[in-house]
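Visitor: A single structure is presented below for examination.
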Amino acid sequence: METGYYAGIDIGSRMTKAAVITDDGVCSSKIVITRPEQRKLAHEVMEAVLADAGVSLSEVTYVVATGYGRINVPFADRQITEISCHARGISFLMPTVRTVIDIGGQDSKGIKVSNGKAVDFVMNDKCAAGTGRFIEIIAESLGVCLEDVGRMALEATDRAVISSTCTVFAEQEAVSALSRGVPVGDILAGVLDSIATRVCRMVNRLKAEREVAFTGGGAKNSGLVRMLEEKLGMPVLVPDEPLITGALGAALLGRDIVEKAEAKGTASESHRRALREVTFFND
């Protein structure tokens, strides 16, 4: 039987991710920093992930785009919201998960999952506080490498109180605490504690159920993982690569679309790949 290939691309505010799957599982994935000229970026990322998989676009049956930049993927067969893609992706990786917390660069969200589908969700995209960008801003203000934030927070002996819900004022609080001699680790612990409190308050509107998974760039912060567990009162699972969930889910949904079409005996919605490949490399 001929192998089927399906691709997903997730253009987020900070990172762009792509994944290629077959009927047997994940074939390849790619993560790069999001930059302007997103149509060109989408082409480059897809070209790279296909090269890793050892296939050409003409061999890919279906492509799904997701993320806030999904409209800038001209070779996609369909655009699907990141909520649906995250739900599908995490259900593939962790079938027992019922609640997803996703903290990205510019927003945070909670998703209730059942049978691989999102049945409810909440989202905060009105302020950077409670997002990955918030952590970046504080780290820069305190002169700390982003990769060290989680470790330093976990090693702290206390947690500074960061009460502001506005990024600008919270940054001022952090800098003020530093000037008073508060240890950097304690400040970082306070920042992560404030984020965890805000995110858990949002997610609890969904009545979070076990198992809970944490995805997005925020999931790479060990201190934030620990504080979410404290606030929720339950373990928080983190995929091996928490950034790729949306792109993986997009590819899986593409495969689902094709399989449903085949089961009904109707043609898939995929465009002619030979023509599309010319567009892909010359757009």
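Going through the structure tokens in order, the chains are called A, B, and so on, while each chain numbers its residues from 1 and the ligands are numbered from 1 in the order shown.
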As a PyMOL selection string, list the residues of stretch 230-270 of chain A assigned to helix (DSSP H, G or I) by DSSP on the backbone atoms of this structure.
Guide: chain A and resi 230-232+245-263
Visitor: Quick one: write out the picked residues with C-alpha atoms as a PDB file, in the first residue's frame?
Guide:
```pdb
ATOM      1  CA  GLU A 230       0.737  23.724  42.908  1.00  0.00           C
ATOM      2  CA  LYS A 231      -2.149  25.965  41.871  1.00  0.00           C
ATOM      3  CA  LEU A 232      -4.137  23.193  40.196  1.00  0.00           C
ATOM      4  CA  THR A 245       1.516  20.142  19.249  1.00  0.00           C
ATOM      5  CA  GLY A 246      -0.406  22.540  16.995  1.00  0.00           C
ATOM      6  CA  ALA A 247       1.473  21.638  13.811  1.00  0.00           C
ATOM      7  CA  LEU A 248       1.136  17.943  14.604  1.00  0.00           C
ATOM      8  CA  GLY A 249      -2.583  18.347  15.226  1.00  0.00           C
ATOM      9  CA  ALA A 250      -2.932  20.204  11.924  1.00  0.00           C
ATOM     10  CA  ALA A 251      -1.301  17.320  10.051  1.00  0.00           C
ATOM     11  CA  LEU A 252      -3.495  14.795  11.867  1.00  0.00           C
ATOM     12  CA  LEU A 253      -6.647  16.733  11.046  1.00  0.00           C
ATOM     13  CA  GLY A 254      -5.577  16.780   7.417  1.00  0.00           C
ATOM     14  CA  ARG A 255      -5.278  13.012   7.523  1.00  0.00           C
ATOM     15  CA  ASP A 256      -8.700  12.773   9.178  1.00  0.00           C
ATOM     16  CA  ILE A 257     -10.245  14.863   6.383  1.00  0.00           C
ATOM     17  CA  VAL A 258      -8.802  12.612   3.686  1.00  0.00           C
ATOM     18  CA  GLU A 259      -9.804   9.398   5.479  1.00  0.00           C
ATOM     19  CA  LYS A 260     -13.388  10.609   5.908  1.00  0.00           C
ATOM     20  CA  ALA A 261     -13.556  11.568   2.234  1.00  0.00           C
ATOM     21  CA  GLU A 262     -12.231   8.162   1.212  1.00  0.00           C
ATOM     22  CA  ALA A 263     -14.694   6.381   3.510  1.00  0.00           C
TER      23      ALA A 263
END
```
Visitor: Neighbours of A:Asp24 within 12 Å (only C-alpha atoms; same-chain residues fewer than 3 positions away dropped), as a ChimeraX atom specification?
Guide: /A:2-6,20-21,27,252,255
Visitor: Write out, as a tab-separated table (two decimals), in the first residue's frame, the residues just selected, with N, CA and C atoms.
Guide:
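Written output follows (again.tsv):
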```
chain	number	residue	atom	x	y	z
A	2	GLU	N	0.54	2.23	-0.82
A	2	GLU	CA	1.33	3.44	-0.93
A	2	GLU	C	1.23	4.28	0.35
A	3	THR	N	2.39	4.80	0.79
A	3	THR	CA	2.43	5.61	2.00
A	3	THR	C	1.80	6.97	1.75
A	4	GLY	N	0.95	7.41	2.68
A	4	GLY	CA	0.35	8.73	2.59
A	4	GLY	C	1.10	9.70	3.49
A	5	TYR	N	1.35	10.91	3.00
A	5	TYR	CA	2.02	11.94	3.79
A	5	TYR	C	1.07	13.11	4.00
A	6	TYR	N	1.11	13.66	5.21
A	6	TYR	CA	0.24	14.78	5.57
A	6	TYR	C	1.08	15.80	6.34
A	20	VAL	N	5.40	16.72	9.53
A	20	VAL	CA	4.97	15.81	8.47
A	20	VAL	C	4.73	14.46	9.11
A	21	ILE	N	3.58	13.86	8.81
A	21	ILE	CA	3.25	12.54	9.35
A	21	ILE	C	2.91	11.59	8.21
A	27	CYS	N	6.82	11.80	11.02
A	27	CYS	CA	7.95	11.58	10.12
A	27	CYS	C	9.06	12.61	10.36
A	252	LEU	N	-2.56	15.88	11.53
A	252	LEU	CA	-3.50	14.80	11.87
A	252	LEU	C	-4.90	15.10	11.38
A	255	ARG	N	-5.11	14.45	7.78
A	255	ARG	CA	-5.28	13.01	7.52
A	255	ARG	C	-6.71	12.57	7.79
```
Visitor: Taking only C-alpha atoms into account, name the residue in A:Ala219, A:Val149, A:Leu237, A:Ile135 that is nearest to A:Gly185.
Guide: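 Smallest separation from A:Gly185 among the options: A:Val149.
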Visitor: Give me the residues near A:Pro239 as a list of chain:residue names, where near means some atom within 10 Å (using only C-alpha atoms) and where sequence neighbours in that chain fewer than 3 positions away do not count.
Guide: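 Neighbouring residues, sequence-local ones excluded: A:Ile90, A:Leu93, A:Met94, A:Ala213, A:Phe214, A:Thr215, A:Gly216, A:Ala219, A:Lys220, A:Pro242, A:Leu243, A:Ile244, A:Thr245.
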Visitor: What is the distance, in Å and to one decimal place, between atom CA of A:Ser91 and atom CA of A:Ser28?
Guide: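 Between atom CA of A:Ser91 and atom CA of A:Ser28 the gap works out to 18.5 Å.
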Visitor: Would you kindly return, as a ChimeraX atom specification, each protein, DNA or RNA residue with an atom no farther than 7 Å from any atom of stretch 81-84 of chain A, considering only C-alpha atoms and excluding same-chain residues fewer than 4 positions away?
Guide: /A:66-67,88,117-118,246
Visitor: Among stretch 18-127 of chain A, which residues carry a DSSP assignment of strand (DSSP E or B), reported as number ranges by chain?
Guide: A: 18-22, 25-33, 60-66, 78-79, 99-103, 108-114, 117-124
